[in-house]
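Chemist: So that you have it, the file is run31.txt, and it contains compact mmCIF, C-alpha atoms and all ligand atoms:
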```txt
# COMPACT_ATOMS: atom_id res chain seq x y z
CA MET C 711 -9.27 3.25 20.64
CA THR C 712 -6.94 3.78 17.71
CA GLU C 713 -7.33 7.14 16.04
CA THR C 714 -8.93 7.07 12.59
CA VAL C 715 -6.81 8.93 10.07
CA ILE C 716 -8.95 8.46 6.95
CA ALA C 717 -12.64 7.61 7.00
CA THR C 718 -15.00 7.72 4.06
CA ARG C 719 -18.70 6.95 4.18
CA GLY C 720 -20.71 6.15 1.09
CA LEU C 721 -18.16 7.94 -1.05
CA ARG C 722 -19.21 8.17 -4.71
CA LYS C 723 -17.95 9.83 -7.85
CA ARG C 724 -19.86 9.66 -11.11
CA TYR C 725 -18.63 10.93 -14.44
CA GLY C 726 -21.86 11.01 -16.45
CA ALA C 727 -23.07 7.41 -16.47
CA LEU C 728 -19.72 6.06 -15.27
CA ARG C 729 -19.50 5.19 -11.60
CA ALA C 730 -15.77 5.73 -11.07
CA VAL C 731 -16.13 5.30 -7.28
CA ASP C 732 -19.31 3.62 -6.19
CA GLY C 733 -20.03 4.10 -2.49
CA ILE C 734 -16.92 3.18 -0.52
CA ASP C 735 -16.27 3.13 3.24
CA LEU C 736 -12.55 3.30 3.94
CA ASP C 737 -11.07 3.08 7.43
CA VAL C 738 -7.40 3.91 7.83
CA ARG C 739 -6.05 4.07 11.38
CA ALA C 740 -3.05 5.86 12.83
CA GLY C 741 0.09 3.81 12.27
CA ASP C 742 -1.27 1.81 9.35
CA VAL C 743 0.50 1.22 6.09
CA TYR C 744 -2.74 0.99 4.15
CA GLY C 745 -2.42 -0.70 0.78
CA PHE C 746 -5.17 0.36 -1.63
CA LEU C 747 -5.13 -2.31 -4.29
CA GLY C 748 -7.01 -2.23 -7.56
CA ALA C 749 -6.65 -2.80 -11.28
CA ASN C 750 -6.06 0.10 -13.64
CA GLY C 751 -9.28 2.05 -13.94
CA SER C 752 -10.82 0.67 -10.74
CA GLY C 753 -11.06 4.16 -9.23
CA LYS C 754 -7.94 4.48 -7.07
CA THR C 755 -6.75 7.84 -8.36
CA THR C 756 -10.25 9.30 -8.20
CA THR C 757 -10.50 8.16 -4.57
CA VAL C 758 -7.09 9.59 -3.68
CA ARG C 759 -8.08 12.89 -5.30
CA MET C 760 -11.28 12.99 -3.27
CA LEU C 761 -9.32 12.31 -0.06
CA LEU C 762 -7.18 15.35 -0.78
CA GLY C 763 -10.06 17.60 -1.85
CA LEU C 764 -8.87 17.75 -5.46
CA VAL C 765 -12.04 16.18 -6.82
CA LEU C 766 -15.46 16.77 -5.27
CA PRO C 767 -17.49 13.66 -4.47
CA THR C 768 -20.86 13.20 -6.10
CA GLU C 769 -22.07 11.81 -2.76
CA GLY C 770 -20.72 10.73 0.61
CA GLU C 771 -18.31 11.97 3.23
CA VAL C 772 -14.55 12.13 3.69
CA GLU C 773 -12.68 12.74 6.94
CA VAL C 774 -8.91 13.07 6.99
CA LEU C 775 -7.07 13.43 10.31
CA GLY C 776 -10.45 13.73 12.00
CA ARG C 777 -11.65 16.70 9.94
CA PRO C 778 -14.12 16.86 7.03
CA MET C 779 -12.66 17.24 3.54
CA PRO C 780 -12.60 19.37 1.50
CA LYS C 781 -14.10 21.81 4.06
CA ALA C 782 -11.11 21.62 6.43
CA ALA C 783 -8.46 21.42 3.69
CA ARG C 784 -6.54 24.41 5.01
CA GLU C 785 -6.03 22.71 8.38
CA VAL C 786 -5.60 19.18 7.08
CA LEU C 787 -3.36 19.53 4.02
CA PRO C 788 -0.32 21.01 5.81
CA ARG C 789 -0.19 17.73 7.79
CA VAL C 790 -0.45 15.54 4.68
CA GLY C 791 2.29 14.70 2.18
CA ALA C 792 0.92 13.64 -1.19
CA LEU C 793 2.24 12.23 -4.44
CA ILE C 794 -0.31 11.67 -7.19
CA GLU C 795 0.23 10.45 -10.75
CA GLY C 796 3.87 11.36 -11.09
CA PRO C 797 5.50 14.41 -9.62
CA ALA C 798 5.47 17.77 -11.36
CA ALA C 799 8.78 19.63 -11.39
CA TYR C 800 10.56 22.37 -13.33
CA GLY C 801 12.94 20.53 -15.66
CA HIS C 802 15.46 23.34 -16.03
CA LEU C 803 15.87 23.68 -12.25
CA SER C 804 17.78 21.30 -10.01
CA GLY C 805 16.03 18.89 -7.68
CA ARG C 806 17.22 21.02 -4.80
CA ALA C 807 15.82 24.22 -6.34
CA ASN C 808 12.49 22.54 -7.04
CA LEU C 809 12.25 21.46 -3.41
CA ALA C 810 13.24 24.92 -2.21
CA LEU C 811 10.34 26.35 -4.23
CA LEU C 812 7.94 23.85 -2.70
CA ASP C 813 9.36 24.52 0.74
CA ALA C 814 8.78 28.24 0.32
CA ALA C 815 5.06 27.51 0.74
CA GLY C 816 5.80 25.59 3.94
CA PRO C 817 6.52 26.41 7.55
CA GLY C 818 9.33 28.89 6.87
CA GLY C 819 12.24 29.28 9.27
CA SER C 820 15.74 30.64 8.71
CA ARG C 821 17.44 30.26 5.34
CA ARG C 822 19.81 27.79 6.94
CA SER C 823 17.08 25.63 8.46
CA ARG C 824 15.23 25.61 5.14
CA ARG C 825 18.36 24.55 3.28
CA GLN C 826 18.89 21.86 5.90
CA ARG C 827 15.30 20.63 5.51
CA VAL C 828 15.69 20.34 1.72
CA GLY C 829 19.04 18.55 2.13
CA ASP C 830 17.53 16.13 4.64
CA VAL C 831 14.65 15.04 2.41
CA LEU C 832 16.99 14.69 -0.60
CA ASP C 833 19.16 12.37 1.49
CA GLN C 834 16.12 10.52 2.76
CA VAL C 835 15.04 9.56 -0.76
CA GLY C 836 18.58 8.82 -1.92
CA LEU C 837 19.01 11.90 -4.14
CA GLY C 838 21.61 13.61 -1.95
CA GLY C 839 24.31 13.18 -4.58
CA VAL C 840 22.29 14.46 -7.55
CA GLY C 841 20.23 17.25 -5.98
CA LYS C 842 22.16 19.89 -7.95
CA ARG C 843 21.53 18.37 -11.38
CA PRO C 844 18.65 19.76 -13.47
CA VAL C 845 15.54 17.66 -13.17
CA LYS C 846 15.34 17.21 -16.96
CA ALA C 847 18.41 14.96 -16.61
CA TYR C 848 16.65 12.76 -14.03
CA SER C 849 15.38 9.29 -14.80
CA LEU C 850 11.70 8.56 -14.15
CA GLY C 851 12.69 6.85 -10.92
CA MET C 852 14.66 9.89 -9.77
CA ARG C 853 11.70 12.15 -10.54
CA GLN C 854 9.46 9.86 -8.53
CA ARG C 855 11.86 10.07 -5.62
CA LEU C 856 11.98 13.84 -5.95
CA GLY C 857 8.18 13.86 -5.73
CA LEU C 858 8.39 11.80 -2.58
CA ALA C 859 11.00 14.20 -1.17
CA GLY C 860 8.52 17.02 -1.80
CA ALA C 861 5.84 15.08 0.06
CA LEU C 862 8.18 14.69 3.03
CA LEU C 863 9.15 18.36 3.38
CA ARG C 864 6.51 19.11 5.98
CA ARG C 865 7.22 15.98 8.03
CA PRO C 866 3.64 14.88 7.44
CA ASP C 867 1.52 12.81 9.85
CA LEU C 868 -0.04 11.15 6.81
CA LEU C 869 1.50 10.28 3.45
CA VAL C 870 -0.89 9.67 0.54
CA LEU C 871 0.88 8.10 -2.43
CA ASP C 872 -0.68 7.06 -5.72
CA GLU C 873 1.36 4.26 -7.31
CA PRO C 874 4.63 5.50 -5.75
CA THR C 875 6.86 2.86 -7.34
CA ASN C 876 5.59 3.36 -10.90
CA GLY C 877 8.53 3.50 -13.27
CA LEU C 878 11.13 2.51 -10.68
CA ASP C 879 13.68 -0.25 -11.21
CA PRO C 880 13.91 -3.05 -8.60
CA GLN C 881 16.60 -1.19 -6.65
CA GLY C 882 14.47 1.97 -6.63
CA ILE C 883 11.41 -0.01 -5.52
CA HIS C 884 13.43 -1.53 -2.71
CA GLU C 885 14.65 1.90 -1.57
CA ILE C 886 11.17 3.40 -1.57
CA ARG C 887 9.81 0.42 0.32
CA THR C 888 12.53 0.73 2.97
CA LEU C 889 11.93 4.46 3.22
CA LEU C 890 8.17 4.05 3.67
CA LEU C 891 8.65 1.39 6.33
CA ASP C 892 11.16 3.63 8.15
CA LEU C 893 8.77 6.57 8.07
CA ASN C 894 5.95 4.37 9.28
CA SER C 895 8.05 3.06 12.17
CA THR C 896 8.54 6.64 13.34
CA GLY C 897 4.81 7.32 13.37
CA THR C 898 3.79 8.36 9.84
CA THR C 899 0.59 6.75 8.60
CA VAL C 900 0.99 5.71 4.97
CA PHE C 901 -1.83 5.32 2.45
CA LEU C 902 -0.58 3.99 -0.86
CA SER C 903 -2.38 2.82 -3.94
CA SER C 904 -1.01 0.16 -6.22
CA HIS C 905 -2.13 -2.28 -8.86
CA LEU C 906 0.64 -4.67 -7.74
CA LEU C 907 -0.44 -7.27 -5.26
CA ALA C 908 3.10 -8.28 -4.32
CA GLU C 909 3.96 -4.69 -3.48
CA ILE C 910 0.98 -4.36 -1.16
CA GLU C 911 1.71 -7.73 0.44
CA GLN C 912 5.27 -6.64 1.24
CA LEU C 913 4.38 -3.22 2.61
CA ALA C 914 0.90 -3.04 3.98
CA THR C 915 -0.42 -3.72 7.45
CA ARG C 916 -3.97 -3.13 6.25
CA VAL C 917 -5.43 -3.77 2.83
CA GLY C 918 -8.38 -2.40 0.90
CA VAL C 919 -9.23 -3.90 -2.47
CA LEU C 920 -11.09 -1.81 -5.02
CA ASP C 921 -12.89 -3.54 -7.85
CA ARG C 922 -14.75 -1.41 -10.39
CA GLY C 923 -15.36 1.38 -7.92
CA ARG C 924 -16.34 -0.82 -4.98
CA VAL C 925 -14.37 -2.03 -1.96
CA VAL C 926 -14.59 -5.80 -2.05
CA LEU C 927 -12.24 -6.44 0.86
CA GLN C 928 -10.83 -4.37 3.73
CA ASP C 929 -8.98 -5.79 6.71
CA ASP C 930 -5.65 -6.14 8.47
CA LEU C 931 -3.16 -8.22 6.51
CA THR C 932 -2.58 -10.50 9.52
CA THR C 933 -6.32 -11.21 9.72
CA LEU C 934 -6.64 -11.80 5.98
CA THR C 935 -3.74 -14.23 5.98
CA ALA C 936 -4.52 -15.85 9.37
CA PRO C 937 -3.95 -19.62 9.69
CA THR C 938 -6.69 -21.70 8.11
CA GLY C 939 -6.74 -24.42 10.78
CA ALA C 940 -4.64 -26.86 8.78
CA THR C 941 -0.98 -27.92 8.74
CA VAL C 942 1.08 -28.42 5.58
CA VAL C 943 3.41 -31.43 5.74
CA GLN C 944 6.35 -31.54 3.32
CA THR C 945 7.02 -35.19 2.53
CA PRO C 946 8.19 -37.29 -0.42
CA ASP C 947 5.39 -39.74 0.40
CA PRO C 948 2.00 -37.99 0.75
CA ALA C 949 0.16 -41.27 0.21
CA ARG C 950 1.56 -42.64 3.45
CA VAL C 951 0.41 -39.52 5.28
CA ARG C 952 -3.08 -40.37 4.09
CA ALA C 953 -2.66 -44.00 5.16
CA VAL C 954 -1.67 -42.90 8.69
CA LEU C 955 -3.98 -39.92 9.24
CA GLY C 956 -6.98 -40.99 7.16
CA ASP C 957 -9.68 -38.35 6.70
CA ARG C 958 -7.68 -35.73 8.56
CA VAL C 959 -5.84 -35.32 5.24
CA LEU C 960 -7.60 -32.56 3.33
CA SER C 961 -5.51 -32.69 0.15
CA THR C 962 -2.21 -33.94 -1.23
CA ASP C 963 0.11 -33.06 -4.09
CA ALA C 964 3.47 -34.40 -5.30
CA ASP C 965 5.46 -33.50 -2.20
CA SER C 966 3.05 -32.30 0.46
CA ALA C 967 -0.13 -33.09 2.32
CA VAL C 968 -2.54 -30.71 4.04
CA VAL C 969 -3.73 -32.06 7.37
CA ARG C 970 -6.55 -30.77 9.60
CA GLY C 971 -5.15 -29.45 12.89
CA THR C 972 -3.03 -26.57 14.13
CA ASP C 973 -0.41 -28.43 16.18
CA PRO C 974 2.49 -29.27 13.86
CA ALA C 975 4.35 -31.08 16.68
CA GLU C 976 1.42 -33.45 17.18
CA VAL C 977 1.16 -34.11 13.42
CA ASN C 978 4.92 -34.64 13.24
CA ALA C 979 4.92 -37.09 16.15
CA ALA C 980 2.07 -39.13 14.64
CA LEU C 981 3.82 -39.35 11.25
CA VAL C 982 7.36 -39.98 12.47
CA SER C 983 6.24 -42.71 14.86
CA ALA C 984 4.59 -44.43 11.87
CA GLY C 985 7.87 -44.10 9.90
CA VAL C 986 6.64 -41.46 7.42
CA PRO C 987 9.50 -39.19 6.27
CA VAL C 988 8.71 -35.56 7.17
CA HIS C 989 10.83 -32.81 5.61
CA GLY C 990 8.96 -29.84 7.04
CA LEU C 991 5.76 -28.63 8.69
CA ARG C 992 4.01 -25.28 8.73
CA LEU C 993 0.63 -23.85 9.55
CA GLN C 994 -1.33 -23.26 6.38
CA ARG C 995 -2.10 -19.60 5.63
CA PRO C 996 -3.75 -18.22 2.52
CA SER C 997 -1.63 -15.82 0.48
CA LEU C 998 -3.01 -12.33 -0.09
CA GLU C 999 -3.40 -13.34 -3.73
CA GLU C 1000 -5.73 -16.19 -2.79
CA VAL C 1001 -7.76 -13.95 -0.49
CA VAL C 1002 -8.07 -11.22 -3.10
CA LEU C 1003 -9.04 -13.60 -5.86
CA ALA C 1004 -11.69 -15.14 -3.65
CA ALA C 1005 -13.12 -11.69 -2.83
CA ALA C 1006 -12.91 -9.98 -6.20
CA SER C 1007 -15.01 -11.20 -9.05
CA THR C 1008 -12.08 -10.31 -11.28
CA SER C 1009 -9.58 -12.42 -13.11
CA ALA C 1010 -5.98 -12.63 -11.90
CA ASP C 1011 -4.59 -10.12 -14.36
CA ARG C 1012 -7.22 -7.51 -13.45
CA VAL C 1013 -5.86 -7.26 -9.91
CA GLY C 1014 -2.27 -7.35 -10.99
CA VAL C 1015 -1.48 -10.92 -10.07
CA PRO C 1016 1.33 -12.20 -12.26
CA ALA C 1017 0.07 -15.06 -14.41
P1 LIG R 1 -5.12 3.93 -13.02
O1 LIG R 1 -4.29 3.08 -12.15
O2 LIG R 1 -5.16 3.52 -14.44
O3 LIG R 1 -4.90 5.42 -12.81
P2 LIG R 1 -7.36 4.11 -11.25
O4 LIG R 1 -7.74 2.92 -10.44
O5 LIG R 1 -6.58 5.18 -10.57
O6 LIG R 1 -6.62 3.65 -12.55
P3 LIG R 1 -9.18 6.22 -11.97
O7 LIG R 1 -8.12 7.01 -12.64
O8 LIG R 1 -9.67 6.68 -10.66
O9 LIG R 1 -8.71 4.71 -11.81
O10 LIG R 1 -10.39 6.08 -12.97
C1 LIG R 1 -11.58 5.37 -12.69
C2 LIG R 1 -12.52 5.50 -13.85
O11 LIG R 1 -12.99 6.85 -13.95
C3 LIG R 1 -11.87 5.19 -15.20
O12 LIG R 1 -12.82 4.52 -16.00
C4 LIG R 1 -11.56 6.56 -15.76
O13 LIG R 1 -11.56 6.54 -17.17
C5 LIG R 1 -12.70 7.41 -15.23
N1 LIG R 1 -12.34 8.81 -15.03
C6 LIG R 1 -11.38 9.28 -14.20
N2 LIG R 1 -11.32 10.62 -14.23
C7 LIG R 1 -12.26 11.03 -15.12
C8 LIG R 1 -12.72 12.31 -15.59
N3 LIG R 1 -12.17 13.45 -15.15
N4 LIG R 1 -13.71 12.32 -16.49
C9 LIG R 1 -14.30 11.18 -16.92
N5 LIG R 1 -13.92 9.94 -16.52
C10 LIG R 1 -12.93 9.86 -15.62
```
What is this structure when it is put down as structure tokens?
Ligand code: ATP
Modeler:
Amino acid sequence: MTETVIATRGLRKRYGALRAVDGIDLDVRAGDVYGFLGANGSGKTTTVRMLLGLVLPTEGEVEVLGRPMPKAAREVLPRVGALIEGPAAYGHLSGRANLALLDAAGPGGSRRSRRQRVGDVLDQVGLGGVGKRPVKAYSLGMRQRLGLAGALLRRPDLLVLDEPTNGLDPQGIHEIRTLLLDLNSTGTTVFLSSHLLAEIEQLATRVGVLDRGRVVLQDDLTTLTAPTGATVVQTPDPARVRAVLGDRVLSTDADSAVVRGTDPAEVNAALVSAGVPVHGLRLQRPSLEEVVLAAASTSADRVGVPA
């Protein structure tokens, strides 16, 4: 069985009358890139803080790397790299010096190996060339990358990142995405929160959707976007598809028809032999956006779907 890396049971956090997190059961397994999707204010940061023992739950249980949190924080946290709500750094010091300070609390080693470790993580996040500049001269994106470098210092088994691409330009987002996928391919489990559906769709292998403190959807991305049992036919003449295939046609629009059945070759043969022009065929799959909208009782903009 796959090892569970994060498990929460009935996890709740109340602030007075406000139920910031309202009884959630998360399951993150070793090797996942878990995308924790939710609108602003849905409770993502509060959840992430509870995972790391920074906020105490009102009710419920948290296990990280198989150990209860916050009780086992001293064993668990050295194996976890975290970046929450923007990195903190000393502005007058260089990126390299900031990392060296963080590293001083880490596993130690010779001065040379520590310098090497800091250099490696700076390179990893693409700050190798600017590590000597003071952090106050960094852009927001560079600071975010420095935060990520700090999270990588201990070569963590688990990375927990709250909105890691906030404030980054498209190039920066691309670099962080590539970096996270690289880390994941070498065995790091990644838990990242985001309010951007497209970001989660591009990165995650498993998705949890938070809506007003509750998990409304949690599953593997491949399961969520599994074929629906229909085939989409691209054609300039959808009406003729209907004439040939009758009530197998589930819907049509200007240049396509959706046909019941999961064998595109069979659909193609039937249409081509009847002289219907076919420009393309594919199995129909729902997009993550469609799945999320169906699950969440929220409007598109609440879950970060571009209008
Ligand atoms: P964002 O993306 O905007 O950070 P989020 O999904 O991370 O949103 P949280 O920051 O977890 O959401 O907040 C969830 C709810 O709990 C919000 O209504 C917020 O105002 C409230 N909240 C968070 N922290 C506190 C606190 N310390 N005291 C009172 N209310 C809080």
Chemist: Quick one: pull the distance between CA of Val926 (chain C) and CA of Ala1005 (chain C), Å, one decimal.
Modeler: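 Here the two named atoms are 6.1 Å from each other.
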Chemist: If we count all atoms listed in the file and set the cut-off at 8 Å, which residues sit around Pro788 (chain C), ignoring sequence neighbours fewer than 3 positions away in its own chain? Please answer as a list in words.
Modeler: Arg784, Glu785, Gly791, Gly816, Arg864 and Pro866 of chain C
Chemist: List as a VMD selection string the protein and nucleic acid residues lying within 10 Å of ligand LIG 1 (chain R), with all atoms listed in the file counted.
Modeler: chain C and resid 723 to 731 746 to 760 765 794 to 795 872 to 873 876 903 to 905 920 to 923
Chemist: Would you kindly return, as a list in words, each protein, DNA or RNA residue with an atom no farther than 12 Å from any atom of Ala847 (chain C), considering all atoms listed in the file and excluding same-chain residues fewer than 4 positions away?
Modeler: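 That gives Ala799, Tyr800, Gly801, His802, Leu803, Ser804, Gly805, Val840, Gly841, Lys842, Arg843, Gly851, Met852 and Arg853 of chain C.
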Chemist: Counting only C-alpha atoms, which residue out of C:Gly882, C:Pro996, C:Gly956, C:Pro948 sits closest to Ala936 (chain C)?
Modeler: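 Of C:Gly882, C:Pro996, C:Gly956, C:Pro948, the one nearest Ala936 (chain C), counting only C-alpha atoms, is C:Pro996.
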Chemist: Have a look at CA of Gly860 (chain C) and CA of Thr718 (chain C) and let me know their distance in Å, one decimal.
Modeler: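 Separating CA of Gly860 (chain C) from CA of Thr718 (chain C) is a distance of 26.0 Å.
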Chemist: Hey, can you pull every residue with an atom no more than 10 Å from (-10.8, 15.7, 11.0), using all atoms listed in the file, and send it as a VMD selection string?
Modeler: chain C and resid 714 to 717 772 to 779 781 to 783 785 to 786
Chemist: Could those residues be written to a file, using C-alpha atoms, as a PDB file, keeping the file's coordinate frame?
Modeler:
```
ATOM      1  CA  THR C 714      -8.930   7.070  12.590  1.00  0.00           C
ATOM      2  CA  VAL C 715      -6.810   8.930  10.070  1.00  0.00           C
ATOM      3  CA  ILE C 716      -8.950   8.460   6.950  1.00  0.00           C
ATOM      4  CA  ALA C 717     -12.640   7.610   7.000  1.00  0.00           C
ATOM      5  CA  VAL C 772     -14.550  12.130   3.690  1.00  0.00           C
ATOM      6  CA  GLU C 773     -12.680  12.740   6.940  1.00  0.00           C
ATOM      7  CA  VAL C 774      -8.910  13.070   6.990  1.00  0.00           C
ATOM      8  CA  LEU C 775      -7.070  13.430  10.310  1.00  0.00           C
ATOM      9  CA  GLY C 776     -10.450  13.730  12.000  1.00  0.00           C
ATOM     10  CA  ARG C 777     -11.650  16.700   9.940  1.00  0.00           C
ATOM     11  CA  PRO C 778     -14.120  16.860   7.030  1.00  0.00           C
ATOM     12  CA  MET C 779     -12.660  17.240   3.540  1.00  0.00           C
ATOM     13  CA  LYS C 781     -14.100  21.810   4.060  1.00  0.00           C
ATOM     14  CA  ALA C 782     -11.110  21.620   6.430  1.00  0.00           C
ATOM     15  CA  ALA C 783      -8.460  21.420   3.690  1.00  0.00           C
ATOM     16  CA  GLU C 785      -6.030  22.710   8.380  1.00  0.00           C
ATOM     17  CA  VAL C 786      -5.600  19.180   7.080  1.00  0.00           C
TER      18      VAL C 786
END
```
Chemist: Quick check, in Å to one decimal: how far apart do CA of Arg855 (chain C) and CA of Pro874 (chain C) lie?
Modeler: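 Separating CA of Arg855 (chain C) from CA of Pro874 (chain C) is a distance of 8.6 Å.
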Chemist: Please list as a PyMOL selection string every residue within 10 Å of Asp963 (chain C), counting all atoms listed in the file and excluding residues in the same chain fewer than 4 positions away.
Modeler: chain C and resi 944-949+967-968
Chemist: Residues within 12 Å of Leu889 (chain C), please, as a PyMOL selection string. Count only C-alpha atoms; anything in the same chain fewer than 2 positions from it doesn't count.
Modeler: chain C and resi 831+833-836+855+858-859+862+869+874-875+882-887+891-896+898+900+913
Chemist: Name the closest residue to Gly839 (chain C) among the candidates C:Arg739, C:Arg722, C:Arg958, C:Arg806; distances are taken between atoms, counting only C-alpha atoms.
Modeler: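 Closest candidate: C:Arg806.
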Chemist: Could you list, as a ChimeraX atom specification, every residue within 8 Å of Leu993 (chain C), counting only C-alpha atoms and ignoring same-chain residues fewer than 3 positions away?
Modeler: /C:937-942,972,974
